[in-house]
$ cat upload.txt   # compact mmCIF, C-alpha atoms
# COMPACT_ATOMS: atom_id res chain seq x y z
CA MET A 80 5.55 59.32 12.67
CA ALA A 81 5.74 58.46 16.38
CA ARG A 82 7.59 55.37 17.53
CA ARG A 83 7.43 53.59 20.84
CA ALA A 84 8.96 50.43 22.31
CA TRP A 85 6.83 47.31 22.19
CA GLY A 86 8.81 44.56 23.86
CA GLU A 87 11.86 43.80 21.70
CA GLY A 88 11.19 46.07 18.76
CA SER A 89 9.24 49.22 17.99
CA VAL A 90 5.76 49.94 16.74
CA PHE A 91 4.55 52.90 14.72
CA PHE A 92 1.78 53.92 12.33
CA ASP A 93 2.90 54.12 8.71
CA LYS A 94 0.88 57.03 7.29
CA VAL A 95 1.94 56.31 3.72
CA ASN A 96 0.62 52.74 3.70
CA GLN A 97 -1.97 53.33 6.43
CA ARG A 98 -0.74 50.32 8.40
CA TRP A 99 0.40 49.71 11.95
CA THR A 100 3.96 48.38 11.72
CA TRP A 101 6.26 46.52 14.07
CA ARG A 102 9.97 46.16 13.45
CA GLY A 103 12.20 43.90 15.49
CA THR A 104 14.86 41.20 15.26
CA TYR A 105 15.27 37.54 16.06
CA LEU A 106 18.18 35.08 16.08
CA ILE A 107 18.81 32.24 13.61
CA ASN A 108 21.82 30.17 14.61
CA GLY A 109 23.21 33.15 16.54
CA ILE A 110 22.68 35.62 13.68
CA LYS A 111 20.44 38.61 14.34
CA THR A 112 17.79 38.84 11.62
CA PRO A 113 15.35 41.75 11.06
CA LYS A 114 11.61 41.17 10.95
CA THR A 115 8.70 43.45 9.99
CA LEU A 116 5.01 42.80 10.67
CA THR A 117 2.02 44.97 9.68
CA ALA A 118 -1.73 45.11 10.27
CA LYS A 119 -4.58 47.55 9.76
CA ARG A 120 -5.45 47.63 13.46
CA GLN A 121 -3.04 47.94 16.36
CA ILE A 122 -4.75 45.13 18.25
CA ASP A 123 -4.30 42.79 15.27
CA LEU A 124 -0.65 43.74 15.02
CA LYS A 125 -0.15 42.95 18.69
CA GLU A 126 -1.58 39.45 18.14
CA LYS A 127 0.75 38.93 15.17
CA VAL A 128 3.78 40.01 17.19
CA GLU A 129 2.89 37.76 20.11
CA LYS A 130 2.38 34.80 17.73
CA PHE A 131 5.70 35.54 16.04
CA LYS A 132 7.58 35.71 19.35
CA PHE A 133 5.96 32.50 20.50
CA ASP A 134 7.11 30.75 17.29
CA VAL A 135 10.63 32.11 17.81
CA ASN A 136 10.71 30.72 21.34
CA GLN A 137 9.49 27.35 20.02
CA GLY A 138 12.38 27.23 17.58
CA VAL A 139 10.18 27.39 14.49
CA PHE A 140 12.41 29.85 12.68
CA ASP A 141 15.62 28.02 13.52
CA SER A 142 14.93 26.01 10.36
CA ALA A 143 14.11 28.88 8.04
CA ASN A 144 16.84 27.72 5.63
CA ILE A 145 16.15 24.03 6.06
CA THR A 146 17.04 21.66 3.21
CA VAL A 147 14.55 19.38 1.50
CA ALA A 148 16.19 16.28 3.01
CA ASP A 149 16.15 17.69 6.55
CA TRP A 150 12.54 18.84 6.31
CA ILE A 151 11.30 15.49 4.96
CA LYS A 152 13.13 13.74 7.79
CA LYS A 153 11.50 16.02 10.36
CA TYR A 154 8.11 15.71 8.68
CA LEU A 155 8.23 11.93 8.76
CA ILE A 156 9.36 11.72 12.38
CA LEU A 157 7.20 14.52 13.84
CA PHE A 158 4.01 14.31 11.80
CA MET A 159 3.77 10.85 10.24
CA GLN A 160 5.39 8.30 12.53
CA PRO A 161 3.15 9.03 15.55
CA THR A 162 -0.05 9.13 13.49
CA VAL A 163 0.06 6.27 10.96
CA ARG A 164 0.71 2.54 10.94
CA PRO A 165 4.29 1.33 10.47
CA SER A 166 3.44 0.02 7.01
CA THR A 167 1.98 3.40 5.98
CA PHE A 168 4.97 5.23 7.43
CA ASN A 169 7.30 2.98 5.46
CA THR A 170 5.38 3.77 2.27
CA TYR A 171 5.66 7.52 2.91
CA ALA A 172 9.41 7.23 3.56
CA GLU A 173 9.92 5.13 0.44
CA LYS A 174 8.00 7.50 -1.85
CA LEU A 175 9.48 10.71 -0.41
CA ASN A 176 12.97 9.29 -0.83
CA PHE A 177 12.58 9.95 -4.57
CA VAL A 178 12.32 13.66 -3.72
CA VAL A 179 15.28 13.48 -1.35
CA ARG A 180 17.48 11.89 -4.00
CA ALA A 181 16.60 14.63 -6.48
CA PHE A 182 16.53 17.73 -4.25
CA GLY A 183 17.92 16.68 -0.87
CA GLU A 184 20.63 19.35 -0.54
CA ARG A 185 18.45 22.16 -1.88
CA LYS A 186 16.88 24.67 0.48
CA LEU A 187 13.19 23.86 0.72
CA LYS A 188 12.11 27.45 0.02
CA THR A 189 14.00 27.54 -3.32
CA LEU A 190 11.89 24.85 -5.04
CA THR A 191 9.70 26.06 -7.88
CA PRO A 192 6.54 24.52 -9.41
CA MET A 193 8.14 24.37 -12.84
CA GLU A 194 11.12 22.28 -11.78
CA LEU A 195 8.92 20.05 -9.65
CA GLN A 196 6.62 19.43 -12.63
CA ASN A 197 9.67 18.53 -14.71
CA PHE A 198 10.78 16.19 -11.92
CA PHE A 199 7.42 14.40 -11.77
CA ASN A 200 7.34 14.09 -15.55
CA SER A 201 10.84 12.60 -15.62
CA LEU A 202 9.95 9.99 -13.00
CA ALA A 203 7.43 8.53 -15.46
CA ILE A 204 10.15 8.30 -18.12
CA ASP A 205 13.24 7.01 -16.34
CA GLY A 206 12.39 6.77 -12.64
CA GLY A 207 12.80 3.65 -10.51
CA ALA A 208 15.67 1.32 -9.69
CA LYS A 209 15.93 0.03 -13.25
CA GLN A 210 15.27 3.46 -14.79
CA GLN A 211 12.35 2.02 -16.74
CA GLY A 212 9.97 4.71 -15.54
CA LEU A 213 7.39 4.68 -12.77
CA SER A 214 3.69 4.30 -13.43
CA PRO A 215 1.64 7.53 -13.42
CA THR A 216 -0.11 6.24 -10.31
CA SER A 217 3.20 5.87 -8.46
CA VAL A 218 4.36 9.31 -9.59
CA ASN A 219 1.09 10.88 -8.45
CA THR A 220 1.48 9.20 -5.07
CA ILE A 221 4.95 10.74 -4.70
CA ARG A 222 3.50 14.11 -5.69
CA ARG A 223 0.62 13.79 -3.21
CA TYR A 224 2.92 12.84 -0.32
CA PHE A 225 5.36 15.68 -1.05
CA LYS A 226 2.48 18.13 -1.36
CA ALA A 227 1.37 17.13 2.15
CA ALA A 228 4.93 17.56 3.43
CA CYS A 229 5.17 21.04 1.89
CA GLN A 230 1.76 21.98 3.28
CA ALA A 231 3.02 21.08 6.74
CA ALA A 232 6.01 23.35 6.06
CA VAL A 233 3.64 26.20 5.14
CA LYS A 234 1.69 25.76 8.37
CA ASN A 235 4.95 25.83 10.31
CA HIS A 236 6.09 29.04 8.57
CA LEU A 237 8.96 27.42 6.68
CA LEU A 238 7.28 28.19 3.36
CA THR A 239 4.96 30.99 2.34
CA ASP A 240 3.41 28.97 -0.48
CA ASN A 241 3.26 25.29 -1.38
CA PRO A 242 5.31 24.81 -4.58
CA VAL A 243 3.50 21.57 -5.41
CA ASP A 244 0.23 23.52 -5.77
CA GLY A 245 1.52 24.84 -9.07
CA THR A 246 2.00 21.35 -10.53
CA LYS A 247 -0.47 18.94 -12.07
CA ALA A 248 -0.90 15.21 -11.52
CA LEU A 249 -0.05 12.93 -14.42
CA ARG A 250 -2.82 11.42 -16.50
CA THR A 251 -3.56 7.86 -15.45
CA LYS A 252 -5.16 4.96 -17.21
CA LYS A 253 -7.55 2.58 -15.54
CA PRO A 254 -5.53 -0.57 -14.79
CA VAL A 255 -6.28 -3.61 -16.91
CA ILE A 256 -7.61 -6.43 -14.77
CA ILE A 257 -6.49 -9.85 -15.97
CA VAL A 258 -8.62 -12.78 -14.90
CA ALA A 259 -8.87 -16.46 -15.70
CA ASN A 260 -12.01 -18.23 -16.88
CA GLU A 261 -13.43 -21.40 -15.39
CA ASN A 262 -11.38 -23.70 -17.64
CA ASP A 263 -8.18 -21.79 -16.87
CA VAL A 264 -8.80 -22.16 -13.14
CA LEU A 265 -9.39 -25.90 -13.37
CA ARG A 266 -6.28 -26.36 -15.48
CA LEU A 267 -4.13 -24.25 -13.16
CA LEU A 268 -5.28 -26.19 -10.10
CA GLU A 269 -4.65 -29.50 -11.86
CA VAL A 270 -1.12 -28.43 -12.84
CA ALA A 271 -0.38 -27.10 -9.34
CA LYS A 272 -1.54 -30.30 -7.67
CA GLU A 273 0.25 -32.69 -10.06
CA GLY A 274 3.57 -30.87 -9.49
CA SER A 275 5.59 -31.63 -12.62
CA TYR A 276 5.49 -27.92 -13.52
CA ILE A 277 8.77 -27.44 -11.61
CA TYR A 278 10.54 -28.84 -14.69
CA GLU A 279 8.87 -26.25 -16.94
CA GLY A 280 11.50 -24.59 -19.10
CA VAL A 281 14.33 -26.68 -17.63
CA LYS A 282 16.37 -28.42 -20.34
CA ASN A 283 18.33 -30.65 -17.97
CA LYS A 284 16.04 -32.07 -15.27
CA ASN A 285 19.08 -33.19 -13.26
CA TYR A 286 19.44 -29.60 -12.13
CA ILE A 287 16.28 -29.98 -10.04
CA ILE A 288 16.70 -32.35 -7.13
CA GLU A 289 13.50 -34.08 -6.01
CA ASN A 290 13.70 -34.41 -2.24
CA GLU A 291 11.37 -34.08 0.74
CA GLY A 292 11.75 -30.31 0.66
CA THR A 293 10.66 -30.20 -2.98
CA LYS A 294 7.64 -32.35 -2.20
CA TYR A 295 6.79 -30.09 0.74
CA TYR A 296 6.90 -26.99 -1.45
CA LYS A 297 4.73 -28.56 -4.15
CA GLN A 298 2.06 -29.49 -1.60
CA CYS A 299 2.36 -26.12 0.11
CA PHE A 300 2.07 -24.05 -3.04
CA TYR A 301 -0.82 -26.06 -4.43
CA ASN A 302 -2.72 -25.09 -1.30
CA VAL A 303 -1.59 -21.48 -1.68
CA VAL A 304 -3.13 -21.32 -5.16
CA ASN A 305 -6.19 -23.37 -4.26
CA LEU A 306 -7.00 -21.23 -1.21
CA ASP A 307 -6.33 -17.90 -2.93
CA LEU A 308 -8.60 -18.73 -5.86
CA ALA A 309 -11.27 -19.86 -3.39
CA THR A 310 -11.12 -16.77 -1.17
CA GLY A 311 -9.65 -13.81 -3.07
CA LEU A 312 -7.20 -13.06 -0.26
CA ARG A 313 -4.56 -10.41 -0.73
CA SER A 314 -0.99 -11.70 -0.83
CA SER A 315 -0.19 -10.15 2.56
CA GLU A 316 -3.28 -11.82 4.05
CA LEU A 317 -2.65 -15.19 2.39
CA PHE A 318 0.96 -15.66 3.51
CA GLY A 319 0.20 -14.32 6.98
CA LEU A 320 -2.47 -16.94 7.72
CA ARG A 321 -2.01 -19.01 10.88
CA TRP A 322 -3.70 -22.27 11.70
CA GLN A 323 -5.59 -20.67 14.59
CA ASP A 324 -7.27 -18.36 12.05
CA ILE A 325 -9.33 -21.28 10.73
CA ASN A 326 -12.57 -22.16 12.44
CA TRP A 327 -12.83 -25.81 11.46
CA ALA A 328 -16.22 -26.37 13.06
CA LYS A 329 -17.95 -23.52 11.20
CA GLY A 330 -15.77 -23.62 8.09
CA TYR A 331 -14.41 -20.11 7.82
CA ILE A 332 -11.20 -18.08 8.08
CA ASP A 333 -11.29 -15.43 10.80
CA LEU A 334 -9.03 -12.83 9.20
CA LYS A 335 -7.61 -10.12 11.47
CA GLU A 336 -3.95 -9.65 10.48
CA GLN A 337 -1.66 -9.44 7.49
CA LEU A 338 2.02 -10.16 7.00
CA LEU A 339 4.16 -7.22 5.86
CA PHE A 340 7.80 -6.95 4.81
CA ILE A 341 9.12 -3.65 6.17
CA ASN A 342 12.75 -2.52 6.25
CA GLY A 343 14.00 -6.01 5.54
CA LYS A 344 11.90 -7.67 8.25
CA TYR A 345 8.61 -9.59 8.32
CA SER A 346 6.00 -8.42 10.81
CA PHE A 347 2.32 -9.01 11.48
CA SER A 348 0.06 -5.98 11.25
CA GLU A 349 -3.58 -5.55 12.16
CA LEU A 350 -5.83 -5.01 9.16
CA LYS A 351 -6.71 -1.35 8.70
CA THR A 352 -10.51 -1.38 8.70
CA ASP A 353 -13.36 -3.34 10.23
CA LYS A 354 -14.38 -4.41 6.72
CA ALA A 355 -10.90 -5.80 6.09
CA LYS A 356 -11.24 -7.84 9.28
CA ARG A 357 -13.65 -10.45 8.06
CA LYS A 358 -14.86 -14.03 8.13
CA ILE A 359 -14.40 -15.83 4.82
CA TYR A 360 -16.41 -19.00 4.51
CA LEU A 361 -14.83 -21.96 2.72
CA SER A 362 -16.27 -24.73 0.61
CA GLU A 363 -16.15 -28.30 1.90
CA ASP A 364 -13.57 -29.24 -0.74
CA VAL A 365 -11.21 -26.45 0.36
CA ILE A 366 -11.61 -27.48 4.00
CA ILE A 367 -10.70 -31.05 3.08
CA GLU A 368 -7.58 -29.90 1.24
CA LEU A 369 -6.51 -27.74 4.17
CA ARG A 370 -6.99 -30.61 6.64
CA ARG A 371 -4.88 -32.82 4.39
CA TRP A 372 -2.23 -30.10 4.14
CA LYS A 373 -2.10 -29.69 7.94
CA ILE A 374 -1.48 -33.41 8.34
CA ASN A 375 1.28 -33.30 5.72
CA GLN A 376 2.90 -30.25 7.29
CA ASN A 377 2.89 -31.90 10.71
CA PHE A 378 4.42 -35.06 9.24
CA TYR A 379 7.14 -33.05 7.52
CA ALA A 380 7.84 -31.10 10.73
CA GLU A 381 8.23 -34.34 12.71
CA MET A 382 10.59 -35.68 10.06
CA LEU A 383 12.81 -32.57 10.23
CA GLY A 384 12.65 -32.32 14.00
CA ASP A 385 14.40 -29.26 15.46
CA LYS A 386 15.30 -28.00 11.98
CA PHE A 387 11.67 -27.07 11.35
CA GLU A 388 10.59 -24.13 13.51
CA ASN A 389 7.12 -22.86 12.66
CA ILE A 390 7.03 -20.55 15.66
CA HIS A 391 4.18 -18.48 14.21
CA ASN A 392 2.04 -21.54 13.40
CA LEU A 393 1.80 -20.47 9.75
CA LEU A 394 -0.27 -22.26 7.14
CA PHE A 395 2.37 -21.69 4.51
CA THR A 396 6.08 -21.75 5.31
CA ASN A 397 9.45 -22.31 3.72
CA THR A 398 11.09 -25.71 4.21
CA PHE A 399 12.36 -24.72 7.66
CA GLY A 400 9.12 -23.30 9.04
CA GLY A 401 9.85 -19.63 8.34
CA PHE A 402 8.04 -17.07 6.23
CA VAL A 403 7.64 -17.72 2.51
CA ASN A 404 9.71 -15.42 0.31
CA VAL A 405 6.99 -14.37 -2.13
CA GLN A 406 9.47 -13.34 -4.83
CA ASN A 407 11.10 -16.77 -4.74
CA PHE A 408 7.69 -18.42 -4.82
CA LYS A 409 6.72 -16.47 -7.93
CA ARG A 410 10.00 -17.06 -9.76
CA ARG A 411 10.58 -20.72 -8.93
CA TYR A 412 7.02 -22.02 -8.74
CA TYR A 413 4.13 -19.72 -9.63
CA PHE A 414 5.34 -18.57 -13.05
CA LYS A 415 6.15 -22.17 -13.94
CA MET A 416 2.62 -23.18 -12.98
CA LEU A 417 1.23 -20.54 -15.30
CA SER A 418 3.47 -21.62 -18.16
CA ALA A 419 2.59 -25.30 -17.73
CA ALA A 420 -1.12 -24.42 -17.60
CA GLY A 421 -0.89 -22.19 -20.66
CA ILE A 422 -1.79 -19.01 -18.75
CA PRO A 423 0.14 -15.79 -19.58
CA LYS A 424 2.54 -14.38 -16.98
CA GLY A 425 0.42 -11.24 -16.79
CA PHE A 426 -1.82 -13.30 -14.54
CA ASN A 427 -0.01 -12.32 -11.33
CA ILE A 428 -0.80 -13.38 -7.78
CA HIS A 429 -3.29 -10.53 -7.36
CA SER A 430 -5.07 -11.82 -10.47
CA MET A 431 -6.25 -14.79 -8.42
CA ARG A 432 -8.13 -12.31 -6.21
CA HIS A 433 -9.64 -10.68 -9.30
CA THR A 434 -10.56 -14.09 -10.70
CA HIS A 435 -12.33 -15.09 -7.50
CA ALA A 436 -14.43 -11.92 -7.53
CA THR A 437 -15.14 -12.00 -11.25
CA LEU A 438 -16.32 -15.60 -11.34
CA LEU A 439 -18.56 -15.11 -8.31
CA LEU A 440 -20.20 -12.06 -9.92
CA LYS A 441 -20.49 -13.85 -13.24
CA HIS A 442 -22.33 -16.72 -11.59
CA GLY A 443 -24.83 -14.50 -9.83
CA VAL A 444 -23.37 -13.93 -6.36
CA LYS A 445 -24.57 -10.55 -5.09
CA PRO A 446 -22.03 -7.70 -5.16
CA ASN A 447 -22.38 -7.00 -1.43
CA VAL A 448 -21.46 -10.64 -0.67
CA VAL A 449 -18.41 -10.42 -2.94
CA ALA A 450 -17.47 -7.10 -1.29
CA ASP A 451 -17.60 -8.74 2.15
CA ARG A 452 -15.37 -11.61 1.02
CA LEU A 453 -12.81 -9.22 -0.49
CA GLY A 454 -12.85 -6.83 2.46
CA HIS A 455 -14.05 -3.85 0.42
CA SER A 456 -15.64 -0.96 2.29
CA ASN A 457 -18.89 -1.38 0.32
CA ALA A 458 -20.37 -2.95 -2.79
CA THR A 459 -19.83 0.23 -4.80
CA VAL A 460 -16.07 -0.26 -4.60
CA THR A 461 -16.48 -3.81 -5.87
CA LEU A 462 -18.76 -2.75 -8.72
CA ASN A 463 -16.35 -0.01 -9.79
CA ILE A 464 -13.46 -2.47 -9.97
CA TYR A 465 -15.36 -5.24 -11.73
CA ALA A 466 -17.73 -3.20 -13.87
CA HIS A 467 -16.51 -5.09 -16.94
CA VAL A 468 -18.12 -8.26 -15.59
CA LEU A 469 -21.51 -6.60 -15.36
CA ASP A 470 -21.02 -5.10 -18.82
CA ASN A 471 -20.49 -8.58 -20.21
CA MET A 472 -23.55 -9.83 -18.35
CA GLU A 473 -25.67 -7.17 -20.05
CA ASP A 474 -25.95 -9.50 -23.04
CA THR A 475 -27.94 -11.96 -20.93
CA ALA A 476 -30.47 -9.38 -19.72
CA PRO A 477 -32.95 -9.65 -22.66
CA ASN A 478 -33.17 -13.44 -22.44
CA THR A 479 -33.46 -13.30 -18.64
CA TRP A 480 -36.31 -10.82 -18.93
CA GLN A 481 -37.99 -13.05 -21.48
CA ASP A 482 -37.71 -16.01 -19.09
CA ILE A 483 -39.21 -13.90 -16.30
CA LEU A 484 -42.23 -13.03 -18.45
CA LYS A 485 -42.69 -16.71 -19.26
CA GLY A 486 -42.59 -17.53 -15.55
CA GLU A 487 -39.55 -19.76 -16.00
CA ASN A 488 -37.58 -18.19 -13.15
CA LEU A 489 -40.46 -17.97 -10.69
$ encode --input "upload.txt" --output "structure tokens"
Amino acid sequence: MARRAWGEGSVFFDKVNQRWTWRGTYLINGIKTPKTLTAKRQIDLKEKVEKFKFDVNQGVFDSANITVADWIKKYLILFMQPTVRPSTFNTYAEKLNFVVRAFGERKLKTLTPMELQNFFNSLAIDGGAKQQGLSPTSVNTIRRYFKAACQAAVKNHLLTDNPVDGTKALRTKKPVIIVANENDVLRLLEVAKEGSYIYEGVKNKNYIIENEGTKYYKQCFYNVVNLDLATGLRSSELFGLRWQDINWAKGYIDLKEQLLFINGKYSFSELKTDKAKRKIYLSEDVIIELRRWKINQNFYAEMLGDKFENIHNLLFTNTFGGFVNVQNFKRRYYFKMLSAAGIPKGFNIHSMRHTHATLLLKHGVKPNVVADRLGHSNATVTLNIYAHVLDNMEDTAPNTWQDILKGENL
């Protein structure tokens, strides 16, 4: 078989395998490494060789033995950080850190589908900070993100195959949506406004000092609950509201931003989609309560003077004008409200959003209107989430049809 030089390396026709073959070398960290490429046609082989040499010059193969931790770091910085929002990037980093903790020192190319499947399964059993197991949805998110990272490694010639392809996502259950009925809502609002719930579960009331700060929080958090039930805002949207977001003359909230907690810091972030950026109209009663709350907040700020710095002009603040710590709000106030109102703790803050949507649908508001208020991309999303409401309304269909035939709804 004849050989001839072809740049750095030699090319020949392998009669046994009926393939054009190139053999050469390249350097990895100063070590000369052999490389063989083949193709049926000489012109195709030449393209392969040129592509290979280009990749070598770009440093692609310098990381041929890269560890899982190093690749994930590069993937996040090179591929994710420039292309996604900071909040999304933070989510990717947080989820992929589970993989780093388990396989960080391993060479990326040594991972197998079987051990990855075992890893994903174990996360559902004892994963998480408290080792109580992650939800199947969370585990599947970790799997999806790592699959994308490995696919990027395949495209950059660090892997020949994606090891996550050989795994399967965990079975998930449709989340149970907990909502309050009309009586629950009225009772919760009454308890929140009256304010004595702060003593709920406290044996010695002397441990709770009633001062101006306590009064401020009770007024503040009543308006938090009242506004959330009336609008279905997400928690990040609710606690990021600023007074300039309210159009008093036309009676709506002009929602454009949300408040996120990323890497130990609060920051405002633009809402992701045009549908999420929305105008939410308010009832006259809610407007009145918000006007009253603004007056009270201003009075409290004047009383505290320089100690109160609401530099972001927030609707809801801590007692010094800063961002509300949502975890503290839930533990010290919200859960006590629920207990005093006789509502189970499973009714979390997001349940107020579900309750808003459910009650509107139940009372005949069109799904597309509810979708607009919630910031859903379309009414189909809303109907998929709250299908149980429509199922319950099915019982009324026969009587409604009967009324239509009698002309009672004309």
$ atom_distance --input "upload.txt" --atom1 "atom CA of Pro192 of chain A" --atom2 "atom CA of Val135 of chain A"
28.6 Å
$ residues_around --input "upload.txt" --residues "segment 254-270 of chain A" --least-positions-apart "2" --cutoff "8 Å" --atoms "only C-alpha atoms" --output "PyMOL selection string"
chain A and resi 252+272-276+301+304-305+416-417+419-420+422+425-426+430-431+433-434+437-438
$ residues_around --input "upload.txt" --residues "Thr246 of chain A" --least-positions-apart "5" --cutoff "10 Å" --atoms "all atoms listed in the file" --output "ChimeraX atom specification"
/A:191-197,199,222,226
$ residues_around --input "upload.txt" --residues "Ala355 of chain A" --least-positions-apart "5" --cutoff "7 Å" --atoms "all atoms listed in the file" --output "count of residues only"
3
$ residues_around --input "upload.txt" --residues "Leu320 of chain A" --least-positions-apart "3" --cutoff "6 Å" --atoms "all atoms listed in the file" --output "compact mmCIF listing (two decimals) with C-alpha atoms, in the coordinates of the input"
# COMPACT_ATOMS: atom_id res chain seq x y z
CA LEU A 317 -2.65 -15.19 2.39
CA LEU A 393 1.80 -20.47 9.75
CA LEU A 394 -0.27 -22.26 7.14
$ residues_around --input "upload.txt" --residues "segment 112-125 of chain A" --least-positions-apart "6" --cutoff "10 Å" --atoms "only C-alpha atoms" --output "number ranges by chain"
A: 85, 88-93, 96-106, 131
$ closest_residue --input "upload.txt" --among "A:His442, A:Tyr331, A:Tyr296, A:His236" --to "Gln376 of chain A" --atoms "only C-alpha atoms"
A:Tyr296
$ atom_distance --input "upload.txt" --atom1 "atom CA of Gln406 of chain A" --atom2 "atom CA of Lys297 of chain A"
16.0 Å
$ closest_residue --input "upload.txt" --among "A:Glu279, A:Glu349, A:Glu363, A:Asp240" --to "Leu306 of chain A" --atoms "all atoms listed in the file"
A:Glu363
$ closest_residue --input "upload.txt" --among "A:Arg185, A:Lys127, A:Arg432, A:Lys153" --to "Ala450 of chain A" --atoms "all atoms listed in the file"
A:Arg432
$ atom_distance --input "upload.txt" --atom1 "atom CA of Thr396 of chain A" --atom2 "atom CA of Lys294 of chain A"
13.1 Å
$ closest_residue --input "upload.txt" --among "A:Lys282, A:Lys234, A:Lys329, A:Lys351" --to "Thr167 of chain A" --atoms "all atoms listed in the file"
A:Lys351
$ closest_residue --input "upload.txt" --among "A:Arg250, A:Lys94, A:Arg410, A:Lys174" --to "Ile428 of chain A" --atoms "all atoms listed in the file"
A:Arg410
